[in-house]
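Read through the structure below, which is laid out as structure tokens, and then see the notes.
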Amino acid sequence: MLAALKSERVVDMSDMEMQLEAAPQENREGRPYLGSVAFYKHVILFFVFLLFVLLTGTVIFFSAHYVSLKKDYAAVCEEYRTVSQERDDYKKQFAAAAAESGRVLKDETSKTDVVRGDFSIPFHADPEDWRYLLINEAHPLNPEYTVKLAPTRNGQFVDQRIVYQLEKMIDDAAKEGYSLIICSSYRDYERQNELQKESISQYMDKGLSYHDAFFRVKRTLALTGTSEHHTGLSVDIVGEDYQCLDEEQAKRPEAIWLAEHCAEYGFVVRYDRGKEDITGMDYESWHFRYVGKEAAAFMEEYDLCLEEFSDMVEFFHRPDESE
């Protein structure tokens with residue numbers, strides 16, 4: 001009797017276990033997971049987690065980028081201070097050398113030659129003359145500077161005071177068989193900013209850091225506010241047959257003609273070969289700056305860049321402390 005009861009209980013337990021096992025299957029078949037409350041809970045949790053990961057990653061990325069940019073900015077500021085200091089040292093050395101040689105200022109009238117011993121400028125050279133305006137990293141352009149522009153060849157604009165000599169130079173080159181075009185002239189601050197950002201981005205795409213890209217660019221593209229193109233006194237000129245702004249440009253016959261004759265029209269090669277340490281810019285055979293015929297001839301004769309000529313003009317107009 002007891003054995004029979006135990007047997008019935010075992011059978012009942014087995015039936016209950018089978019029913020319990022079957023129940024979830026029936027539940028799953030009757031209520032599929034996809035579309036269930038649990039499913040939507042899991043979806044929500046997944047997207048919350050994904051959003052958290054994205055936000056965290058973004059914060060980490062921009063924090064690291066900010067630190068990197070901050071370091072680059074500090075390096076740029078330090079470089080600028082170094083350049084400015086070197087520039088000041090150069091001017092002091094120039095003044096000291098001139099003083100030691102015992103040169104005496106003999107500027108008898110405002111329109112006579114300026115002479116100081118064995119150094120002289122054979123024409124009246126006023127430091128405030130618009131033609132001698134010096135623009136570089138150490139001498140950024142006054143933000144309030146204004147220029148009256150006039151159109152010139154192929155849609156370019158320059159200071160209206162240089163149009164005649166500029167176009168005469170291009171016309172005379174054409175008579176000699178050289179077809180020239182102005183590929184760049186006046187640029188405002190906004191355009192200079194765009195070019196600077198584009199150039200830096202191109203170098204960064206090649207794997208350079210912002211710091212390295214920045215300093216690579218500023219050797220060939222002046223920083224906004226320090227570009228001569230802001231003045232309308234500078235133009236980039238190339239031949240129609242070869243318009244690449246590279247080292248090969250200087251070997252072109254039209255570039256050679258320009259270098260030999262530009263002074264006749266009041267222009268100089270602004271960033272000449274061998275003057276890189278003074279100008280802070282790489283050699284650019286295509287970049288011409290108007291300084292007037294007298295200054296251009298003088299600078300060509302004595303192999304002076306605008307920085308050197310500007311220093312001479314300032315020094316010769318400085319009152320002689322010995323008097």
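Numbering starts fresh at 1 for the residues of each chain in the structure tokens, the chains themselves are lettered A, B, ... in the order given, and ligands are numbered from 1 as they appear.
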
Apply DSSP to the backbone of this structure and, from region 123-318 of chain A, keep only the residues in helix (DSSP H, G or I); write these as number ranges by chain. A: 130-132, 153-155, 160-175, 189-205, 210-217, 228-230, 247-251, 253-265, 276-279, 293-301, 306-316

With C-alpha atoms kept, could you save the residues just selected as a JSON list (two decimals), in the first residue's frame?
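Result saved to part.json:
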[["chain", "number", "residue", "atom", "x", "y", "z"],
["A", 130, "TRP", "CA", 53.82, 104.24, -47.81],
["A", 131, "ARG", "CA", 56.11, 102.53, -50.30],
["A", 132, "TYR", "CA", 58.42, 101.33, -47.51],
["A", 153, "ARG", "CA", 44.74, 92.17, -64.92],
["A", 154, "ASN", "CA", 42.58, 89.02, -64.73],
["A", 155, "GLY", "CA", 40.25, 90.24, -62.01],
["A", 160, "GLN", "CA", 45.65, 102.03, -57.01],
["A", 161, "ARG", "CA", 49.04, 103.78, -56.76],
["A", 162, "ILE", "CA", 50.92, 100.82, -58.25],
["A", 163, "VAL", "CA", 48.60, 99.88, -61.11],
["A", 164, "TYR", "CA", 50.42, 101.85, -63.81],
["A", 165, "GLN", "CA", 53.90, 100.46, -63.10],
["A", 166, "LEU", "CA", 52.55, 96.94, -62.58],
["A", 167, "GLU", "CA", 50.74, 96.84, -65.90],
["A", 168, "LYS", "CA", 53.63, 98.53, -67.70],
["A", 169, "MET", "CA", 55.96, 95.80, -66.44],
["A", 170, "ILE", "CA", 53.60, 93.08, -67.67],
["A", 171, "ASP", "CA", 53.17, 94.82, -71.05],
["A", 172, "ASP", "CA", 56.92, 95.25, -71.53],
["A", 173, "ALA", "CA", 57.44, 91.59, -70.66],
["A", 174, "ALA", "CA", 54.91, 90.67, -73.36],
["A", 175, "LYS", "CA", 56.92, 92.71, -75.89],
["A", 189, "TYR", "CA", 42.03, 88.98, -43.36],
["A", 190, "GLU", "CA", 39.19, 86.53, -43.95],
["A", 191, "ARG", "CA", 40.74, 85.13, -47.13],
["A", 192, "GLN", "CA", 44.16, 84.85, -45.48],
["A", 193, "ASN", "CA", 42.56, 82.92, -42.61],
["A", 194, "GLU", "CA", 40.92, 80.53, -45.05],
["A", 195, "LEU", "CA", 44.18, 79.85, -46.88],
["A", 196, "GLN", "CA", 46.01, 79.31, -43.61],
["A", 197, "LYS", "CA", 43.44, 76.82, -42.29],
["A", 198, "GLU", "CA", 43.33, 74.96, -45.61],
["A", 199, "SER", "CA", 47.11, 74.67, -45.77],
["A", 200, "ILE", "CA", 47.40, 73.48, -42.16],
["A", 201, "SER", "CA", 44.65, 70.89, -42.72],
["A", 202, "GLN", "CA", 46.43, 69.56, -45.81],
["A", 203, "TYR", "CA", 49.63, 68.97, -43.85],
["A", 204, "MET", "CA", 47.72, 67.41, -40.94],
["A", 205, "ASP", "CA", 46.05, 65.04, -43.41],
["A", 210, "TYR", "CA", 49.05, 70.86, -35.71],
["A", 211, "HIS", "CA", 52.27, 72.34, -34.34],
["A", 212, "ASP", "CA", 54.45, 70.99, -37.16],
["A", 213, "ALA", "CA", 51.85, 71.85, -39.80],
["A", 214, "PHE", "CA", 51.53, 75.40, -38.47],
["A", 215, "PHE", "CA", 55.24, 76.10, -38.63],
["A", 216, "ARG", "CA", 55.57, 74.43, -42.03],
["A", 217, "VAL", "CA", 52.81, 76.65, -43.43],
["A", 228, "GLU", "CA", 51.96, 91.90, -47.40],
["A", 229, "HIS", "CA", 48.99, 90.93, -49.52],
["A", 230, "HIS", "CA", 46.83, 92.87, -47.02],
["A", 247, "GLU", "CA", 61.33, 75.90, -56.88],
["A", 248, "GLU", "CA", 61.09, 75.29, -60.62],
["A", 249, "GLN", "CA", 59.33, 78.63, -61.05],
["A", 250, "ALA", "CA", 62.60, 80.51, -60.51],
["A", 251, "LYS", "CA", 64.19, 78.68, -63.47],
["A", 253, "PRO", "CA", 62.67, 82.40, -68.50],
["A", 254, "GLU", "CA", 59.85, 84.78, -67.57],
["A", 255, "ALA", "CA", 60.82, 84.57, -63.88],
["A", 256, "ILE", "CA", 64.44, 85.32, -64.75],
["A", 257, "TRP", "CA", 63.35, 88.33, -66.84],
["A", 258, "LEU", "CA", 61.22, 89.62, -63.97],
["A", 259, "ALA", "CA", 64.04, 89.27, -61.44],
["A", 260, "GLU", "CA", 66.38, 91.20, -63.74],
["A", 261, "HIS", "CA", 63.98, 93.99, -64.71],
["A", 262, "CYS", "CA", 61.43, 94.39, -61.89],
["A", 263, "ALA", "CA", 63.45, 97.19, -60.23],
["A", 264, "GLU", "CA", 62.99, 99.31, -63.37],
["A", 265, "TYR", "CA", 59.31, 99.47, -62.47],
["A", 276, "GLU", "CA", 65.29, 83.64, -45.36],
["A", 277, "ASP", "CA", 66.68, 84.17, -41.85],
["A", 278, "ILE", "CA", 65.88, 87.88, -42.04],
["A", 279, "THR", "CA", 62.50, 87.82, -43.75],
["A", 293, "LYS", "CA", 62.04, 102.90, -58.49],
["A", 294, "GLU", "CA", 64.70, 104.60, -56.36],
["A", 295, "ALA", "CA", 64.41, 102.20, -53.45],
["A", 296, "ALA", "CA", 64.20, 99.17, -55.76],
["A", 297, "ALA", "CA", 67.38, 100.17, -57.60],
["A", 298, "PHE", "CA", 69.18, 100.83, -54.30],
["A", 299, "MET", "CA", 68.06, 97.53, -52.77],
["A", 300, "GLU", "CA", 69.11, 95.66, -55.89],
["A", 301, "GLU", "CA", 72.53, 97.32, -56.00],
["A", 306, "LEU", "CA", 63.02, 95.25, -47.25],
["A", 307, "GLU", "CA", 63.85, 94.53, -43.59],
["A", 308, "GLU", "CA", 67.45, 95.66, -44.13],
["A", 309, "PHE", "CA", 66.46, 98.70, -46.15],
["A", 310, "SER", "CA", 63.86, 99.68, -43.56],
["A", 311, "ASP", "CA", 66.45, 99.45, -40.79],
["A", 312, "MET", "CA", 68.80, 101.71, -42.75],
["A", 313, "VAL", "CA", 66.10, 104.30, -43.35],
["A", 314, "GLU", "CA", 65.10, 104.32, -39.69],
["A", 315, "PHE", "CA", 68.71, 104.50, -38.51],
["A", 316, "PHE", "CA", 69.67, 107.36, -40.81]]

Nearest-residue call for Thr146 (chain A), choices A:Tyr186, A:Val67, A:Gly239, A:Lys275, using only C-alpha atoms: A:Tyr186
